[in-house]
Amino acid sequence: MSQGLERGIAILEYLSQHTKGVPLASLSKELDIPLSATHRLLNTLIDVGYVQQEDVRENYRLSLKAVSLGMHFRSRNELLDLARPVITKLAAQSGELSRLGLIDGDRLVWVAKAQGTTSGLRYDPNDGAEAPIHCSASGYAWLAQLTEKDALALLRARAADFKRSYGPKAPKSMRETMEQVALARRQGFAMVKDSVELGTSSLAAPILGPESKAVGVLTVAGPTVRLTEARMHELAPLVIEATELLGKVDAHRLLTEFLTTSRFFGEKVK
């Protein structure tokens with residue numbers, strides 16, 4: 001194994017045990033890696049999305065992309081203990097897929113799910129994936145909690161997404177996306193039909209943490225033949241109620257719990 005790769009893995013493993021982040025000097029000292037080399041490796045890991053640097057304390061910590069790699073590696077995932085009862089109940093009430101997504105910087109990553117139907121048509125995508133914020137109900141629900149300036153900045157950073165292949169009703173411009181965001185802001189929840197994929201619908205509401213800042217989203221998704229617009233309006237109060245419950249247990253704690261128990265390759269910390 002090359003020295004750079006070995007050191008990079010050592011940094012990831014060390015950060016997986018320190019969810020509040022670690023300053024550069026501490027990383028260098030604890031791992032016995034020269035300061036300049038540590039800084040260079042961290043910048044590389046930031047560039048590829050596996051590490052992020054906090055603005056306030058300038059600590060380095062794992063991003064959810066690192067955790068999502070572990071989730072792809074595992075064929076079966078345990079739901080977060082704090083979220084399991086809420087999303088399981090929502091799945092049972094709706095009869096559809098219920099999913100929890102957490103916001104990690106400028107990304108929205110699916111971390112847990114519960115399936116409400118065991119027969120017939122099912123919508124059951126993989127966990128660990130990143131939600132397309134420009135055309136999904138979850139993205140609209142999150143963007144609706146931001147200022148217009150911040151929402152547009154996120155969309156501009158992902159301008160290439162508008163040219164990729166999604167459902168037939170996916171927005172083709174930032175203006176179209178912002179129209180959906182405005183509607184989500186008025187309603188308190190977002191809905192899409194044939195937007196992310198043809199034949200699927202979903203609704204989503206934001207999970208609000210401290211100071212009413214969005215820290216995650218909760219969605220219900222399923223085949224459009226069942227999850228009609230009328231049905232989504234019926235389910236919206238249940239989704240909002242569930243997000244309020246998760247907000248009360250503090251979604252920041254959910255994120256910490258997730259990072260602590262999942263580690264880099266999804267193994268529990270002993």
# chains A, B, ... in the order shown; residues from 1 in each chain; ligands from 1
>>> closest_atom_pairs(of="stretch 128-154 of chain A", to="stretch 168-180 of chain A", cutoff="8 Å", atoms="only C-alpha atoms", output="Markdown table")
| residue | atom | partner | partner_atom | distance |
| --- | --- | --- | --- | --- |
| A:His134 | CA | A:Thr177 | CA | 6.0 |
| A:Cys135 | CA | A:Ala170 | CA | 5.3 |
| A:Tyr140 | CA | A:Gln180 | CA | 6.7 |
| A:Leu152 | CA | A:Met174 | CA | 7.5 |
>>> residues_around(residues="A:Gly8", least_positions_apart="5", cutoff="8 Å", atoms="only C-alpha atoms", output="ChimeraX atom specification")
/A:41-42,45
>>> select_by_dssp(residues="stretch 19-181 of chain A", states="helix (DSSP H, G or I)", output="mmCIF file with N, CA and C atoms, in the first residue's frame")
data_model
loop_
_atom_site.group_PDB
_atom_site.id
_atom_site.type_symbol
_atom_site.label_atom_id
_atom_site.label_comp_id
_atom_site.auth_asym_id
_atom_site.auth_seq_id
_atom_site.Cartn_x
_atom_site.Cartn_y
_atom_site.Cartn_z
ATOM 1 N N LEU A 24 -6.415 20.485 12.657
ATOM 2 C CA LEU A 24 -5.299 19.998 11.848
ATOM 3 C C LEU A 24 -4.114 19.560 12.713
ATOM 4 N N ALA A 25 -3.725 20.393 13.664
ATOM 5 C CA ALA A 25 -2.548 20.094 14.483
ATOM 6 C C ALA A 25 -2.731 18.799 15.280
ATOM 7 N N SER A 26 -3.931 18.589 15.791
ATOM 8 C CA SER A 26 -4.193 17.364 16.562
ATOM 9 C C SER A 26 -4.110 16.129 15.687
ATOM 10 N N LEU A 27 -4.673 16.227 14.465
ATOM 11 C CA LEU A 27 -4.593 15.105 13.535
ATOM 12 C C LEU A 27 -3.140 14.759 13.218
ATOM 13 N N SER A 28 -2.364 15.770 12.939
ATOM 14 C CA SER A 28 -0.961 15.573 12.599
ATOM 15 C C SER A 28 -0.207 14.904 13.742
ATOM 16 N N LYS A 29 -0.444 15.366 14.962
ATOM 17 C CA LYS A 29 0.259 14.830 16.137
ATOM 18 C C LYS A 29 -0.186 13.412 16.452
ATOM 19 N N GLU A 30 -1.510 13.169 16.480
ATOM 20 C CA GLU A 30 -2.029 11.859 16.869
ATOM 21 C C GLU A 30 -1.669 10.768 15.856
ATOM 22 N N LEU A 31 -1.621 11.123 14.579
ATOM 23 C CA LEU A 31 -1.344 10.129 13.548
ATOM 24 C C LEU A 31 0.128 10.099 13.133
ATOM 25 N N LEU A 35 2.757 17.915 9.413
ATOM 26 C CA LEU A 35 1.661 18.869 9.305
ATOM 27 C C LEU A 35 1.324 19.179 7.837
ATOM 28 N N SER A 36 2.349 19.408 7.038
ATOM 29 C CA SER A 36 2.105 19.761 5.629
ATOM 30 C C SER A 36 1.448 18.608 4.884
ATOM 31 N N ALA A 37 1.882 17.383 5.162
ATOM 32 C CA ALA A 37 1.306 16.204 4.509
ATOM 33 C C ALA A 37 -0.138 15.984 4.958
ATOM 34 N N THR A 38 -0.394 16.213 6.251
ATOM 35 C CA THR A 38 -1.758 16.079 6.780
ATOM 36 C C THR A 38 -2.686 17.066 6.100
ATOM 37 N N HIS A 39 -2.223 18.298 5.978
ATOM 38 C CA HIS A 39 -3.023 19.346 5.347
ATOM 39 C C HIS A 39 -3.293 19.013 3.877
ATOM 40 N N ARG A 40 -2.295 18.509 3.183
ATOM 41 C CA ARG A 40 -2.448 18.153 1.770
ATOM 42 C C ARG A 40 -3.450 16.999 1.603
ATOM 43 N N LEU A 41 -3.366 15.993 2.452
ATOM 44 C CA LEU A 41 -4.283 14.858 2.383
ATOM 45 C C LEU A 41 -5.716 15.276 2.703
ATOM 46 N N LEU A 42 -5.862 16.144 3.692
ATOM 47 C CA LEU A 42 -7.198 16.621 4.059
ATOM 48 C C LEU A 42 -7.829 17.401 2.902
ATOM 49 N N ASN A 43 -7.043 18.227 2.235
ATOM 50 C CA ASN A 43 -7.564 18.980 1.090
ATOM 51 C C ASN A 43 -8.015 18.043 -0.028
ATOM 52 N N THR A 44 -7.265 16.963 -0.230
ATOM 53 C CA THR A 44 -7.652 15.978 -1.245
ATOM 54 C C THR A 44 -8.957 15.300 -0.865
ATOM 55 N N LEU A 45 -9.087 14.928 0.409
ATOM 56 C CA LEU A 45 -10.307 14.274 0.887
ATOM 57 C C LEU A 45 -11.503 15.217 0.839
ATOM 58 N N ILE A 46 -11.258 16.515 1.041
ATOM 59 C CA ILE A 46 -12.324 17.509 0.904
ATOM 60 C C ILE A 46 -12.742 17.620 -0.562
ATOM 61 N N ASP A 47 -11.759 17.649 -1.458
ATOM 62 C CA ASP A 47 -12.038 17.774 -2.894
ATOM 63 C C ASP A 47 -12.908 16.632 -3.404
ATOM 64 N N LEU A 64 -21.121 13.048 5.107
ATOM 65 C CA LEU A 64 -22.035 11.924 4.939
ATOM 66 C C LEU A 64 -21.695 11.092 3.707
ATOM 67 N N LYS A 65 -20.907 11.642 2.788
ATOM 68 C CA LYS A 65 -20.509 10.849 1.623
ATOM 69 C C LYS A 65 -19.678 9.644 2.063
ATOM 70 N N ALA A 66 -18.843 9.849 3.076
ATOM 71 C CA ALA A 66 -18.051 8.736 3.592
ATOM 72 C C ALA A 66 -18.953 7.665 4.175
ATOM 73 N N VAL A 67 -19.978 8.119 4.897
ATOM 74 C CA VAL A 67 -20.901 7.166 5.498
ATOM 75 C C VAL A 67 -21.742 6.480 4.431
ATOM 76 N N SER A 68 -22.135 7.234 3.389
ATOM 77 C CA SER A 68 -22.958 6.644 2.338
ATOM 78 C C SER A 68 -22.199 5.541 1.605
ATOM 79 N N LEU A 69 -20.862 5.646 1.534
ATOM 80 C CA LEU A 69 -20.062 4.589 0.935
ATOM 81 C C LEU A 69 -20.238 3.297 1.728
ATOM 82 N N GLY A 70 -20.226 3.431 3.053
ATOM 83 C CA GLY A 70 -20.444 2.265 3.888
ATOM 84 C C GLY A 70 -21.833 1.686 3.698
ATOM 85 N N MET A 71 -22.812 2.556 3.494
ATOM 86 C CA MET A 71 -24.189 2.085 3.332
ATOM 87 C C MET A 71 -24.349 1.343 2.008
ATOM 88 N N HIS A 72 -23.656 1.787 0.960
ATOM 89 C CA HIS A 72 -23.686 1.059 -0.298
ATOM 90 C C HIS A 72 -23.035 -0.322 -0.127
ATOM 91 N N PHE A 73 -21.995 -0.360 0.704
ATOM 92 C CA PHE A 73 -21.264 -1.611 0.907
ATOM 93 C C PHE A 73 -22.110 -2.642 1.639
ATOM 94 N N ARG A 84 -36.243 5.126 13.872
ATOM 95 C CA ARG A 84 -36.968 3.943 13.421
ATOM 96 C C ARG A 84 -38.459 3.973 13.737
ATOM 97 N N PRO A 85 -38.864 4.255 14.974
ATOM 98 C CA PRO A 85 -40.299 4.236 15.269
ATOM 99 C C PRO A 85 -41.101 5.249 14.451
ATOM 100 N N VAL A 86 -40.513 6.387 14.198
ATOM 101 C CA VAL A 86 -41.222 7.448 13.480
ATOM 102 C C VAL A 86 -41.408 7.091 12.011
ATOM 103 N N ILE A 87 -40.339 6.682 11.335
ATOM 104 C CA ILE A 87 -40.466 6.400 9.912
ATOM 105 C C ILE A 87 -41.214 5.089 9.675
ATOM 106 N N THR A 88 -41.102 4.149 10.609
ATOM 107 C CA THR A 88 -41.853 2.895 10.479
ATOM 108 C C THR A 88 -43.348 3.148 10.602
ATOM 109 N N LYS A 89 -43.714 3.997 11.549
ATOM 110 C CA LYS A 89 -45.131 4.335 11.720
ATOM 111 C C LYS A 89 -45.655 5.058 10.492
ATOM 112 N N LEU A 90 -44.865 5.979 9.957
ATOM 113 C CA LEU A 90 -45.287 6.723 8.771
ATOM 114 C C LEU A 90 -45.456 5.781 7.576
ATOM 115 N N ALA A 91 -44.562 4.819 7.435
ATOM 116 C CA ALA A 91 -44.672 3.848 6.353
ATOM 117 C C ALA A 91 -45.946 3.024 6.493
ATOM 118 N N ALA A 92 -46.266 2.627 7.723
ATOM 119 C CA ALA A 92 -47.476 1.837 7.963
ATOM 120 C C ALA A 92 -48.733 2.656 7.698
ATOM 121 N N GLN A 93 -48.706 3.922 8.092
ATOM 122 C CA GLN A 93 -49.871 4.790 7.896
ATOM 123 C C GLN A 93 -50.119 5.077 6.421
ATOM 124 N N SER A 94 -49.034 5.270 5.672
ATOM 125 C CA SER A 94 -49.163 5.647 4.261
ATOM 126 C C SER A 94 -49.259 4.445 3.338
ATOM 127 N N ALA A 137 -39.093 16.288 -4.271
ATOM 128 C CA ALA A 137 -39.868 16.875 -3.179
ATOM 129 C C ALA A 137 -38.970 17.165 -1.982
ATOM 130 N N SER A 138 -38.036 16.266 -1.721
ATOM 131 C CA SER A 138 -37.112 16.475 -0.596
ATOM 132 C C SER A 138 -36.249 17.709 -0.823
ATOM 133 N N GLY A 139 -35.782 17.889 -2.064
ATOM 134 C CA GLY A 139 -34.991 19.081 -2.370
ATOM 135 C C GLY A 139 -35.795 20.352 -2.218
ATOM 136 N N TYR A 140 -37.029 20.349 -2.708
ATOM 137 C CA TYR A 140 -37.890 21.535 -2.579
ATOM 138 C C TYR A 140 -38.151 21.859 -1.112
ATOM 139 N N ALA A 141 -38.402 20.816 -0.304
ATOM 140 C CA ALA A 141 -38.687 21.027 1.116
ATOM 141 C C ALA A 141 -37.499 21.674 1.821
ATOM 142 N N TRP A 142 -36.287 21.256 1.440
ATOM 143 C CA TRP A 142 -35.087 21.842 2.034
ATOM 144 C C TRP A 142 -34.873 23.269 1.530
ATOM 145 N N LEU A 143 -34.921 23.460 0.224
ATOM 146 C CA LEU A 143 -34.672 24.783 -0.349
ATOM 147 C C LEU A 143 -35.679 25.816 0.155
ATOM 148 N N GLU A 148 -33.828 32.970 -0.571
ATOM 149 C CA GLU A 148 -33.791 32.806 -2.024
ATOM 150 C C GLU A 148 -32.360 32.856 -2.539
ATOM 151 N N LYS A 149 -31.548 33.703 -1.935
ATOM 152 C CA LYS A 149 -30.149 33.825 -2.350
ATOM 153 C C LYS A 149 -29.398 32.517 -2.138
ATOM 154 N N ASP A 150 -29.561 31.910 -0.949
ATOM 155 C CA ASP A 150 -28.863 30.668 -0.643
ATOM 156 C C ASP A 150 -29.388 29.514 -1.490
ATOM 157 N N ALA A 151 -30.702 29.494 -1.713
ATOM 158 C CA ALA A 151 -31.289 28.432 -2.530
ATOM 159 C C ALA A 151 -30.749 28.497 -3.963
ATOM 160 N N LEU A 152 -30.699 29.704 -4.516
ATOM 161 C CA LEU A 152 -30.181 29.871 -5.878
ATOM 162 C C LEU A 152 -28.704 29.505 -5.966
ATOM 163 N N ALA A 153 -27.953 29.801 -4.898
ATOM 164 C CA ALA A 153 -26.526 29.463 -4.890
ATOM 165 C C ALA A 153 -26.334 27.944 -4.952
ATOM 166 N N LEU A 154 -27.164 27.203 -4.216
ATOM 167 C CA LEU A 154 -27.089 25.744 -4.256
ATOM 168 C C LEU A 154 -27.423 25.219 -5.654
ATOM 169 N N LEU A 155 -28.452 25.793 -6.262
ATOM 170 C CA LEU A 155 -28.858 25.352 -7.596
ATOM 171 C C LEU A 155 -27.809 25.693 -8.644
ATOM 172 N N ARG A 156 -27.194 26.863 -8.525
ATOM 173 C CA ARG A 156 -26.153 27.246 -9.491
ATOM 174 C C ARG A 156 -24.965 26.288 -9.407
ATOM 175 N N ALA A 157 -24.651 25.858 -8.180
ATOM 176 C CA ALA A 157 -23.537 24.928 -8.005
ATOM 177 C C ALA A 157 -23.825 23.574 -8.641
ATOM 178 N N ALA A 159 -25.764 23.261 -11.551
ATOM 179 C CA ALA A 159 -26.396 23.618 -12.832
ATOM 180 C C ALA A 159 -26.403 22.455 -13.818
ATOM 181 N N ALA A 160 -25.392 21.598 -13.737
ATOM 182 C CA ALA A 160 -25.305 20.466 -14.660
ATOM 183 C C ALA A 160 -26.458 19.482 -14.464
ATOM 184 N N ASP A 161 -27.054 19.464 -13.265
ATOM 185 C CA ASP A 161 -28.152 18.523 -12.997
ATOM 186 C C ASP A 161 -29.350 18.774 -13.907
ATOM 187 N N PHE A 162 -29.548 20.016 -14.297
ATOM 188 C CA PHE A 162 -30.696 20.343 -15.151
ATOM 189 C C PHE A 162 -30.578 19.712 -16.541
ATOM 190 N N LYS A 163 -29.381 19.308 -16.924
ATOM 191 C CA LYS A 163 -29.167 18.707 -18.239
ATOM 192 C C LYS A 163 -29.181 17.186 -18.188
ATOM 193 N N MET A 174 -33.670 26.889 -13.349
ATOM 194 C CA MET A 174 -33.737 27.291 -11.950
ATOM 195 C C MET A 174 -35.041 28.030 -11.659
ATOM 196 N N ARG A 175 -35.540 28.755 -12.626
ATOM 197 C CA ARG A 175 -36.804 29.460 -12.428
ATOM 198 C C ARG A 175 -37.936 28.476 -12.139
ATOM 199 N N GLU A 176 -37.991 27.383 -12.911
ATOM 200 C CA GLU A 176 -39.029 26.388 -12.687
ATOM 201 C C GLU A 176 -38.880 25.725 -11.316
ATOM 202 N N THR A 177 -37.639 25.451 -10.921
ATOM 203 C CA THR A 177 -37.408 24.867 -9.598
ATOM 204 C C THR A 177 -37.847 25.823 -8.498
ATOM 205 N N MET A 178 -37.500 27.086 -8.631
ATOM 206 C CA MET A 178 -37.840 28.061 -7.594
ATOM 207 C C MET A 178 -39.348 28.270 -7.490
ATOM 208 N N GLU A 179 -40.077 28.051 -8.569
ATOM 209 C CA GLU A 179 -41.535 28.114 -8.503
ATOM 210 C C GLU A 179 -42.069 27.002 -7.607
ATOM 211 N N GLN A 180 -41.482 25.818 -7.726
ATOM 212 C CA GLN A 180 -41.873 24.701 -6.877
ATOM 213 C C GLN A 180 -41.454 24.940 -5.422
ATOM 214 N N VAL A 181 -40.300 25.564 -5.245
ATOM 215 C CA VAL A 181 -39.825 25.888 -3.895
ATOM 216 C C VAL A 181 -40.772 26.880 -3.229
#
>>> residues_around(residues="A:Gly216", least_positions_apart="6", cutoff="9 Å", atoms="only C-alpha atoms", output="number ranges by chain")
A: 100-104, 108-109, 138, 142, 205-209, 243, 251
>>> residues_around(residues="A:Ser98", least_positions_apart="2", cutoff="7 Å", atoms="only C-alpha atoms", output="list in words")
Ile87, Leu90, Ala91, Glu96, Lys113, Ala114, Gln115, Thr219, Val220 and Ala221 of chain A
